[in-house]
$ cat input03.txt   # compact mmCIF, C-alpha atoms
# COMPACT_ATOMS: atom_id res chain seq x y z
CA MET A 122 110.92 61.57 147.65
CA GLU A 123 107.18 61.89 147.99
CA GLN A 124 106.66 58.75 145.89
CA THR A 125 109.11 56.82 148.11
CA GLU A 126 107.16 57.91 151.18
CA ASP A 127 103.90 56.80 149.56
CA VAL A 128 105.38 53.37 148.77
CA ARG A 129 106.63 53.04 152.36
CA ASN A 130 103.21 53.95 153.72
CA GLN A 131 101.53 51.43 151.43
CA ARG A 132 103.90 48.70 152.64
CA LEU A 133 103.25 49.58 156.26
CA GLU A 134 99.51 49.52 155.61
CA SER A 135 99.83 46.10 153.96
CA LEU A 136 101.89 44.74 156.85
CA GLY A 137 99.34 46.14 159.28
CA GLN A 138 96.55 44.41 157.36
CA LEU A 139 98.50 41.14 157.44
CA ALA A 140 99.36 41.40 161.13
CA GLY A 141 95.80 42.31 162.08
CA GLY A 142 94.29 39.51 160.05
CA VAL A 143 96.71 36.88 161.36
CA ALA A 144 96.24 38.06 164.95
CA HIS A 145 92.44 37.96 164.53
CA ASP A 146 92.46 34.41 163.17
CA PHE A 147 95.01 33.09 165.64
CA ASN A 148 93.26 34.66 168.62
CA ASN A 149 90.04 32.92 167.59
CA ILE A 150 91.88 29.61 167.22
CA LEU A 151 93.71 30.02 170.52
CA GLY A 152 90.44 30.84 172.24
CA VAL A 153 89.00 27.53 171.05
CA ILE A 154 92.12 25.56 172.04
CA VAL A 155 92.49 27.08 175.52
CA ASN A 156 88.83 26.73 176.45
CA TYR A 157 88.26 23.23 175.09
CA ALA A 158 91.51 22.06 176.69
CA SER A 159 90.19 23.47 179.98
CA PHE A 160 86.96 21.52 179.48
CA VAL A 161 89.01 18.34 179.01
CA VAL A 162 90.93 18.93 182.25
CA GLU A 163 87.79 19.79 184.22
CA GLU A 164 85.94 16.70 183.05
CA ALA A 165 88.95 14.41 183.54
CA GLU A 166 89.32 15.62 187.14
CA SER A 167 85.62 15.31 187.96
CA GLU A 168 84.31 12.54 190.19
CA ARG A 169 82.71 10.68 187.28
CA PRO A 170 84.54 11.64 184.07
CA ASP A 171 82.47 11.37 180.90
CA VAL A 172 84.87 9.75 178.44
CA GLN A 173 82.72 10.64 175.42
CA MET A 174 82.61 14.31 176.43
CA ILE A 175 86.39 14.35 176.92
CA ALA A 176 86.89 12.82 173.48
CA ALA A 177 84.48 15.30 171.85
CA ASP A 178 86.23 18.27 173.46
CA ALA A 179 89.66 16.92 172.51
CA ARG A 180 88.51 16.64 168.89
CA GLN A 181 87.61 20.35 168.98
CA VAL A 182 91.19 21.09 170.04
CA ILE A 183 92.50 19.01 167.12
CA ARG A 184 90.22 20.81 164.64
CA ALA A 185 91.43 24.18 165.91
CA GLY A 186 95.02 23.00 165.52
CA GLU A 187 94.26 22.01 161.92
CA ARG A 188 92.91 25.51 161.27
CA ALA A 189 96.09 27.03 162.70
CA THR A 190 98.15 24.74 160.47
CA HIS A 191 96.20 25.90 157.44
CA LEU A 192 96.85 29.54 158.34
CA THR A 193 100.60 29.03 158.65
CA HIS A 194 100.62 27.21 155.30
CA GLN A 195 98.91 30.25 153.79
CA LEU A 196 101.64 32.53 155.10
CA LEU A 197 104.44 30.25 153.90
CA ALA A 198 102.86 29.76 150.48
CA PHE A 199 102.42 33.51 150.06
CA ALA A 200 106.06 34.12 151.04
CA ARG A 201 107.23 31.28 148.73
CA ARG A 202 108.76 29.49 151.74
CA GLU A 203 106.61 26.37 151.67
CA VAL A 204 108.03 23.03 150.54
CA VAL A 205 106.72 22.13 147.08
CA ARG A 206 106.38 18.42 146.33
CA PRO A 207 104.78 18.09 142.87
CA GLU A 208 103.55 14.70 141.72
CA ARG A 209 101.24 13.18 139.15
CA LEU A 210 97.70 13.86 140.30
CA ASP A 211 94.32 12.61 139.13
CA LEU A 212 92.29 15.75 139.78
CA ASN A 213 88.91 14.00 139.80
CA GLU A 214 90.09 11.42 142.30
CA PHE A 215 91.73 14.11 144.43
CA VAL A 216 88.61 16.29 144.59
CA ALA A 217 86.50 13.26 145.50
CA GLY A 218 88.83 12.46 148.38
CA LEU A 219 88.60 16.04 149.62
CA GLU A 220 84.80 16.29 149.68
CA GLU A 221 84.44 15.62 153.41
CA THR A 222 86.97 18.33 154.27
CA LEU A 223 85.23 20.79 151.97
CA ARG A 224 81.82 20.01 153.47
CA ARG A 225 83.20 20.76 156.94
CA THR A 226 84.62 24.03 155.61
CA ILE A 227 81.41 25.33 154.05
CA GLY A 228 79.02 24.13 156.78
CA GLU A 229 75.52 22.71 156.60
CA ARG A 230 73.85 25.70 154.93
CA VAL A 231 75.86 25.36 151.74
CA ALA A 232 75.36 22.42 149.38
CA LEU A 233 78.49 21.01 147.73
CA ILE A 234 78.01 19.78 144.17
CA VAL A 235 80.91 18.01 142.42
CA ARG A 236 80.82 17.43 138.65
CA PRO A 237 83.91 15.52 137.45
CA GLY A 238 84.71 15.70 133.75
CA ALA A 239 85.36 12.55 131.73
CA GLY A 240 88.72 11.60 130.22
CA LEU A 241 90.70 14.04 132.35
CA PRO A 242 94.51 13.70 131.97
CA PRO A 243 96.65 13.85 135.14
CA VAL A 244 98.37 17.07 136.23
CA HIS A 245 101.77 17.61 137.86
CA CYS A 246 101.06 19.49 141.10
CA ASP A 247 101.67 19.44 144.83
CA PRO A 248 98.56 17.78 146.36
CA ALA A 249 98.90 19.80 149.58
CA GLN A 250 98.86 23.05 147.61
CA ILE A 251 95.84 22.02 145.53
CA GLU A 252 94.08 21.20 148.80
CA GLN A 253 94.94 24.65 150.14
CA LEU A 254 93.61 26.20 146.96
CA LEU A 255 90.27 24.39 147.17
CA VAL A 256 89.83 24.96 150.91
CA ASN A 257 90.55 28.68 150.47
CA LEU A 258 88.04 28.98 147.66
CA ALA A 259 85.46 27.03 149.67
CA HIS A 260 86.06 29.31 152.67
CA ASN A 261 85.55 32.42 150.52
CA ALA A 262 82.41 30.93 149.00
CA ARG A 263 80.98 30.16 152.45
CA ASP A 264 81.55 33.77 153.55
CA ALA A 265 79.82 34.98 150.37
CA MET A 266 76.73 32.84 151.17
CA PRO A 267 75.86 33.56 154.84
CA ALA A 268 72.27 32.46 154.27
CA GLY A 269 73.30 29.33 152.37
CA GLY A 270 73.57 28.40 148.72
CA ASN A 271 75.42 26.11 146.33
CA LEU A 272 79.14 25.52 145.83
CA VAL A 273 79.86 23.77 142.54
CA ILE A 274 83.24 22.23 141.68
CA ASP A 275 83.62 20.89 138.16
CA THR A 276 86.54 19.65 136.10
CA GLY A 277 87.12 19.27 132.40
CA CYS A 278 89.47 19.99 129.51
CA ASP A 279 89.93 23.39 127.90
CA ASP A 280 92.21 23.86 124.85
CA GLY A 281 94.55 21.06 125.91
CA ARG A 282 94.66 22.11 129.55
CA VAL A 283 92.96 20.68 132.62
CA ARG A 284 90.21 22.92 133.98
CA LEU A 285 89.24 23.17 137.65
CA ARG A 286 86.29 25.50 138.20
CA VAL A 287 84.80 26.59 141.52
CA SER A 288 81.48 28.49 141.48
CA ASP A 289 79.25 29.82 144.23
CA SER A 290 75.76 31.34 144.26
CA GLY A 291 76.74 34.08 146.69
CA ARG A 292 76.51 37.85 146.67
CA GLY A 293 79.23 38.27 144.07
CA MET A 294 81.67 41.14 143.54
CA SER A 295 81.65 44.42 141.71
CA ALA A 296 83.97 44.74 138.71
CA ASP A 297 86.54 46.86 140.57
CA VAL A 298 86.69 44.38 143.47
CA ALA A 299 87.05 41.40 141.09
CA ASP A 300 89.91 43.19 139.30
CA ARG A 301 91.84 43.43 142.60
CA ALA A 302 90.84 40.06 144.05
CA PHE A 303 94.22 38.39 143.54
CA GLU A 304 96.22 41.30 145.00
CA PRO A 305 98.14 40.47 148.21
CA PHE A 306 96.52 41.90 151.35
CA PHE A 307 93.41 43.04 149.44
CA THR A 308 90.21 42.24 151.33
CA THR A 309 86.71 43.67 151.61
CA LYS A 310 86.39 42.51 155.22
CA PRO A 311 86.79 44.95 158.13
CA SER A 312 90.34 45.89 159.12
CA GLY A 313 92.01 43.20 161.25
CA GLU A 314 89.50 40.48 160.36
CA ALA A 315 91.28 38.98 157.36
CA THR A 316 94.81 38.70 156.04
CA GLY A 317 93.93 39.28 152.39
CA LEU A 318 96.11 36.30 151.45
CA GLY A 319 93.53 33.73 150.34
CA LEU A 320 93.18 34.54 146.65
CA ALA A 321 96.75 35.82 146.40
CA MET A 322 97.88 32.40 147.58
CA VAL A 323 95.60 30.72 145.02
CA TYR A 324 97.22 32.83 142.29
CA GLY A 325 100.72 31.91 143.52
CA ILE A 326 99.97 28.18 143.64
CA VAL A 327 98.52 28.11 140.14
CA THR A 328 101.28 30.17 138.51
CA GLN A 329 103.98 28.11 140.25
CA ALA A 330 102.37 25.01 138.72
CA GLY A 331 102.58 26.61 135.27
CA GLY A 332 98.86 27.36 135.03
CA GLU A 333 96.52 30.31 134.81
CA VAL A 334 93.68 31.48 137.05
CA GLY A 335 90.83 33.88 136.37
CA ILE A 336 87.79 35.17 138.21
CA SER A 337 84.36 36.23 137.00
CA SER A 338 81.71 37.72 139.25
CA SER A 339 78.70 40.01 139.33
CA PRO A 340 76.83 41.44 142.33
CA GLY A 341 74.00 39.09 143.27
CA LEU A 342 75.02 36.45 140.72
CA GLY A 343 77.85 34.67 142.49
CA THR A 344 81.53 34.14 141.70
CA THR A 345 83.41 31.66 139.53
CA VAL A 346 87.13 30.98 139.80
CA THR A 347 88.61 29.09 136.86
CA VAL A 348 91.99 27.35 137.09
CA LEU A 349 93.74 26.00 133.99
CA LEU A 350 96.64 23.58 134.53
CA PRO A 351 98.96 21.94 132.00
CA PRO A 352 98.58 18.16 131.74
CA ALA A 353 101.40 16.03 133.16
CA LEU A 354 103.93 14.73 130.66
CA GLY A 355 104.91 11.09 130.19
CA ASP A 356 103.26 7.84 131.15
CA SER A 357 100.00 8.38 133.03
CA ALA A 358 100.10 4.97 134.73
CA ARG A 359 99.71 5.26 138.47
CA VAL A 360 102.09 3.53 140.83
CA VAL A 361 100.47 2.24 144.01
CA ALA A 362 102.94 2.12 146.90
CA ASP A 363 102.99 -0.82 149.28
CA PRO A 364 101.78 -0.03 152.81
CA ILE A 365 104.59 0.98 155.15
CA ILE A 366 105.13 -0.86 158.43
CA THR A 367 105.89 1.94 160.87
CA ASP A 368 106.99 -0.03 163.96
CA GLY A 369 110.57 0.32 165.14
CA ARG A 370 113.02 -2.57 165.36
CA GLY A 371 115.10 -1.25 168.22
CA GLU A 372 116.94 1.35 166.11
CA THR A 373 118.57 4.26 167.94
CA LEU A 374 117.36 7.73 166.97
CA LEU A 375 118.93 11.04 167.93
CA VAL A 376 116.11 13.61 168.23
CA VAL A 377 117.19 17.27 168.23
CA ASP A 378 114.81 20.21 168.68
CA ASP A 379 115.14 23.41 170.70
CA GLU A 380 111.42 23.28 171.57
CA ALA A 381 111.17 21.04 174.64
CA GLY A 382 107.50 20.22 174.14
CA LEU A 383 107.97 19.00 170.56
CA ARG A 384 111.11 17.10 171.57
CA ASP A 385 109.12 15.28 174.24
CA VAL A 386 106.23 14.58 171.86
CA ALA A 387 108.53 13.06 169.23
CA GLY A 388 110.36 11.01 171.86
CA ARG A 389 107.12 9.68 173.31
CA ILE A 390 105.77 8.66 169.90
CA LEU A 391 109.01 7.00 168.79
CA SER A 392 109.69 5.21 172.08
CA GLY A 393 106.15 3.84 172.05
CA ALA A 394 106.73 2.45 168.57
CA GLY A 395 109.82 0.49 169.55
CA TYR A 396 112.70 2.90 168.88
CA ARG A 397 115.47 3.87 171.29
CA VAL A 398 115.55 7.65 171.61
CA ILE A 399 118.39 10.00 172.56
CA ALA A 400 117.26 13.64 172.80
CA ALA A 401 119.12 16.96 172.66
CA GLU A 402 118.00 20.59 172.59
CA GLY A 403 120.59 21.80 170.08
CA GLY A 404 123.46 20.95 167.79
CA THR A 405 126.28 21.28 170.32
CA GLU A 406 124.58 18.99 172.84
CA ALA A 407 123.65 16.52 170.09
CA LEU A 408 127.27 16.21 168.90
CA ALA A 409 128.45 15.73 172.49
CA LEU A 410 125.86 13.01 173.10
CA ALA A 411 126.79 11.29 169.84
CA ALA A 412 130.49 11.36 170.76
CA ARG A 413 129.74 9.64 174.10
CA HIS A 414 127.30 7.11 172.64
CA GLU A 415 129.00 3.72 172.19
CA GLY A 416 126.47 2.07 169.89
CA SER A 417 125.22 3.04 166.45
CA ILE A 418 122.94 6.00 165.78
CA ASP A 419 120.68 4.88 162.97
CA LEU A 420 118.88 8.16 162.33
CA LEU A 421 119.26 11.84 163.16
CA LEU A 422 115.86 13.51 163.43
CA SER A 423 116.64 17.21 163.62
CA ASP A 424 114.83 20.52 163.46
CA VAL A 425 116.05 22.71 160.59
CA VAL A 426 116.22 26.14 162.25
CA MET A 427 117.75 26.14 165.75
CA PRO A 428 119.75 28.74 167.67
CA GLY A 429 123.50 28.27 167.60
CA MET A 430 123.63 25.64 164.87
CA LEU A 431 121.30 24.92 161.96
CA GLY A 432 120.09 21.35 161.52
CA LYS A 433 121.91 21.17 158.19
CA ASP A 434 125.25 22.01 159.82
CA LEU A 435 124.61 19.50 162.61
CA ALA A 436 123.83 16.77 160.08
CA GLU A 437 126.98 17.47 158.05
CA ARG A 438 129.21 17.26 161.14
CA LEU A 439 127.49 14.16 162.53
CA VAL A 440 127.63 12.25 159.24
CA ILE A 441 131.38 12.90 158.97
CA ALA A 442 131.85 11.14 162.33
CA ARG A 443 129.12 8.55 161.69
CA PRO A 444 128.75 7.92 157.92
CA ASP A 445 126.06 5.26 158.41
CA THR A 446 123.66 7.65 160.17
CA ARG A 447 120.68 8.67 158.05
CA VAL A 448 119.16 12.14 158.37
CA LEU A 449 115.54 13.27 158.53
CA TYR A 450 114.76 16.95 159.02
CA MET A 451 111.60 18.30 160.62
CA SER A 452 110.52 21.90 160.37
CA GLY A 453 107.73 24.39 159.88
CA TYR A 454 110.17 26.68 158.07
CA ALA A 455 112.56 24.72 155.90
CA GLN A 456 114.20 27.44 153.78
CA PRO A 457 117.80 26.39 154.67
CA VAL A 458 117.29 23.00 152.96
CA LEU A 459 115.28 24.24 149.97
CA HIS A 460 116.16 25.33 146.46
CA SER A 461 115.02 28.81 145.42
CA GLU A 462 111.97 27.31 143.68
CA GLY A 463 110.81 25.74 146.94
CA THR A 464 111.75 22.12 146.18
CA LEU A 465 114.02 20.08 148.45
CA GLU A 466 117.73 19.84 147.77
CA PRO A 467 118.81 16.42 146.38
CA GLY A 468 118.93 13.67 148.99
CA VAL A 469 117.11 15.71 151.63
CA ALA A 470 114.15 14.20 153.51
CA LEU A 471 111.83 16.53 155.39
CA LEU A 472 108.89 16.05 157.76
CA GLU A 473 106.83 19.22 157.96
CA LYS A 474 105.50 20.50 161.29
CA PRO A 475 103.02 20.12 162.78
CA PHE A 476 102.95 16.37 162.31
CA THR A 477 100.79 13.55 163.62
CA ALA A 478 102.12 10.33 165.12
CA ASP A 479 101.41 8.53 161.84
CA ASP A 480 103.26 11.23 159.88
CA LEU A 481 106.31 10.92 162.12
CA LEU A 482 106.44 7.13 162.22
CA THR A 483 105.93 6.83 158.46
CA ALA A 484 108.64 9.37 157.67
CA VAL A 485 111.14 7.73 160.05
CA ARG A 486 110.48 4.24 158.71
CA LYS A 487 110.78 5.37 155.09
CA ARG A 488 114.08 7.11 155.82
CA LEU A 489 115.51 4.11 157.65
CA ASP A 490 114.44 1.67 154.93
CA GLY A 491 115.05 3.92 151.94

$ encode --input "input03.txt" --output "structure tokens"
Amino acid sequence: MEQTEDVRNQRLESLGQLAGGVAHDFNNILGVIVNYASFVVEEAESERPDVQMIAADARQVIRAGERATHLTHQLLAFARREVVRPERLDLNEFVAGLEETLRRTIGERVALIVRPGAGLPPVHCDPAQIEQLLVNLAHNARDAMPAGGNLVIDTGCDDGRVRLRVSDSGRGMSADVADRAFEPFFTTKPSGEATGLGLAMVYGIVTQAGGEVGISSSPGLGTTVTVLLPPALGDSARVVADPIITDGRGETLLVVDDEAGLRDVAGRILSGAGYRVIAAEGGTEALALAARHEGSIDLLLSDVVMPGMLGKDLAERLVIARPDTRVLYMSGYAQPVLHSEGTLEPGVALLEKPFTADDLLTAVRKRLDG
């Protein structure tokens, strides 16, 4: 009985750590968004609006939104609720394309040094998850080097596996801290200032990809995280996709989302691109609108999780009545349309929230033409 109580207390402490860390990070992000959005409104309503200042402040709002997106991806990855889309990946090419993002993450005081290994075979991984992994490690390295230093990312081969190594010249960790580094909710930061998910998420991503991850560190000598991934099987030739034309051709889209703001955003983007949009706030209203609509409905764009009727149930009922209607789901939590291993069920197309206009238009066009 006493052991059960101890386990319960440990779980509550872990949940408290998670809640405090998430609240801390989101409050910071919301503070940036609210204040910079206010600056945009104030300047736009001034007698002589400064367009460059408005644009600069709006970009700060976008950056804060990207940080919030990254945090939600951390939570979903930790809970194994994120959509996994593995593909053949040239790790050297991928790291090179991510350098600008990593430099923004570590700031000006830290120098980023990339050393790609020669003759590296491709790996089979989800690019979005590898990006999360690298951004998390860069974030940790930045925090370990408040006065500046070097962040080195190198790749190579190690006993038939592909090695990705991230090293910093920061303050390092003691042996007992390094031993617990990959534990969920473990953090050396003050209570409520971190979720303790960063390295736990790194561990989850690597193991899900069939690899191994280790950490070596000493106080004052920095930290090195080594990831070993299996090489991708089969032909390593890379297929380059043709560019997608995202403009609409007058197709009719039924957009369903219980969040009015997102429904309006999607409708505005799609209408501006040449699509005809019918909008509904839920499954029941969507089916009623479809029953009254005399023309074709080329695509259902539906949220996955909605009150009253899940997007999957809506799609099944609509396609029975209209077999030619294609379906594209959109969601920030897509568990109802995922397999247990986090991959999409066969034939399912999903656009993850939050999305940009380009993301939405590309996904819609691919689904219509696919």

$ axis_aligned_box --input "input03.txt" --around "segment 428-435 of chain A" --padding-each-side "4 Å" --output "JSON"
{"center_x": 122.5, "center_y": 24.1, "center_z": 162.9, "size_x": 13.5, "size_y": 17.2, "size_z": 17.5}

$ closest_residue --input "input03.txt" --among "A:Arg225, A:Arg438, A:Arg286, A:Arg188" --to "Pro475 of chain A" --atoms "all atoms listed in the file"
A:Arg188

$ atom_distance --input "input03.txt" --atom1 "atom CA of Thr190 of chain A" --atom2 "atom CA of Arg230 of chain A"
24.9 Å

$ residues_around --input "input03.txt" --residues "Val398 of chain A" --least-positions-apart "2" --cutoff "8 Å" --atoms "all atoms listed in the file" --output "ChimeraX atom specification"
/A:373-376,388,391-392,396,400

$ atom_distance --input "input03.txt" --atom1 "atom CA of Val283 of chain A" --atom2 "atom CA of Asp300 of chain A"
23.7 Å

$ atom_distance --input "input03.txt" --atom1 "atom CA of Leu482 of chain A" --atom2 "atom CA of Val377 of chain A"
16.0 Å

$ closest_residue --input "input03.txt" --among "A:Arg206, A:Arg169, A:Arg263, A:Arg488" --to "Ala470 of chain A" --atoms "all atoms listed in the file"
A:Arg488

$ residues_near_point --input "input03.txt" --point "(99.8, 24.5, 135.9)" --cutoff "8 Å" --atoms "all atoms listed in the file" --output "JSON, numbers by chain"
{"A": [244, 245, 246, 327, 328, 329, 330, 331, 332, 333, 349, 350, 351, 352]}

$ residues_near_point --input "input03.txt" --point "(128.3, 10.1, 158.8)" --cutoff "12 Å" --atoms "only C-alpha atoms" --output "MDAnalysis selection string"
chainID A and resid 408 411 417:421 435:448

$ residues_around --input "input03.txt" --residues "Ala478 of chain A" --least-positions-apart "6" --cutoff "9 Å" --atoms "all atoms listed in the file" --output "PyMOL selection string"
chain A and resi 386-387+390-391

$ build_atoms --input "input03.txt" --residues "segment 217-227 of chain A" --atoms "all heavy atoms" --output "compact mmCIF listing (two decimals), in the coordinates of the input"
# COMPACT_ATOMS: atom_id res chain seq x y z
N ALA A 217 87.42 14.20 144.84
CA ALA A 217 86.50 13.26 145.50
C ALA A 217 86.98 12.93 146.91
O ALA A 217 86.17 12.86 147.85
CB ALA A 217 86.36 11.98 144.67
N GLY A 218 88.29 12.77 147.06
CA GLY A 218 88.83 12.46 148.38
C GLY A 218 88.79 13.63 149.33
O GLY A 218 88.95 13.46 150.55
N LEU A 219 88.59 14.83 148.80
CA LEU A 219 88.60 16.04 149.62
C LEU A 219 87.19 16.52 149.99
O LEU A 219 87.03 17.49 150.71
CB LEU A 219 89.34 17.15 148.86
CG LEU A 219 89.88 18.34 149.65
CD1 LEU A 219 90.87 17.88 150.70
CD2 LEU A 219 90.52 19.35 148.70
N GLU A 220 86.18 15.81 149.50
CA GLU A 220 84.80 16.29 149.68
C GLU A 220 84.43 16.46 151.15
O GLU A 220 83.78 17.44 151.53
CB GLU A 220 83.82 15.33 149.00
CG GLU A 220 83.76 15.51 147.49
CD GLU A 220 82.59 14.75 146.86
OE1 GLU A 220 81.49 14.77 147.47
OE2 GLU A 220 82.78 14.14 145.79
N GLU A 221 84.81 15.53 152.00
CA GLU A 221 84.44 15.62 153.41
C GLU A 221 85.05 16.86 154.06
O GLU A 221 84.38 17.58 154.82
CB GLU A 221 84.90 14.36 154.16
CG GLU A 221 84.48 14.35 155.63
CD GLU A 221 84.88 13.08 156.34
OE1 GLU A 221 85.26 12.10 155.66
OE2 GLU A 221 84.83 13.07 157.59
N THR A 222 86.31 17.14 153.74
CA THR A 222 86.97 18.33 154.27
C THR A 222 86.27 19.59 153.79
O THR A 222 86.05 20.54 154.56
CB THR A 222 88.45 18.36 153.83
OG1 THR A 222 89.12 17.22 154.36
CG2 THR A 222 89.13 19.64 154.31
N LEU A 223 85.90 19.62 152.53
CA LEU A 223 85.23 20.79 151.97
C LEU A 223 83.85 20.98 152.59
O LEU A 223 83.43 22.12 152.85
CB LEU A 223 85.13 20.66 150.45
CG LEU A 223 86.46 20.67 149.70
CD1 LEU A 223 86.25 20.40 148.21
CD2 LEU A 223 87.19 21.99 149.90
N ARG A 224 83.15 19.90 152.85
CA ARG A 224 81.82 20.01 153.47
C ARG A 224 81.94 20.59 154.88
O ARG A 224 81.09 21.38 155.31
CB ARG A 224 81.12 18.65 153.50
CG ARG A 224 80.72 18.14 152.13
CD ARG A 224 79.90 16.86 152.20
NE ARG A 224 79.87 16.20 150.91
CZ ARG A 224 79.10 16.55 149.90
NH1 ARG A 224 78.28 17.57 150.04
NH2 ARG A 224 79.13 15.88 148.75
N ARG A 225 82.99 20.18 155.61
CA ARG A 225 83.20 20.76 156.94
C ARG A 225 83.52 22.24 156.83
O ARG A 225 83.12 23.04 157.68
CB ARG A 225 84.35 20.05 157.66
CG ARG A 225 84.03 18.65 158.15
CD ARG A 225 84.96 18.24 159.28
NE ARG A 225 86.36 18.37 158.90
CZ ARG A 225 87.10 17.38 158.41
NH1 ARG A 225 86.55 16.19 158.23
NH2 ARG A 225 88.36 17.56 158.11
N THR A 226 84.23 22.63 155.78
CA THR A 226 84.62 24.03 155.61
C THR A 226 83.42 24.92 155.32
O THR A 226 83.30 26.01 155.88
CB THR A 226 85.63 24.15 154.45
OG1 THR A 226 86.80 23.38 154.75
CG2 THR A 226 86.04 25.61 154.23
N ILE A 227 82.52 24.47 154.47
CA ILE A 227 81.41 25.33 154.05
C ILE A 227 80.21 25.26 155.00
O ILE A 227 79.36 26.16 154.99
CB ILE A 227 80.94 24.98 152.61
CG1 ILE A 227 80.49 23.52 152.52
CG2 ILE A 227 82.07 25.24 151.63
CD1 ILE A 227 80.01 23.10 151.13
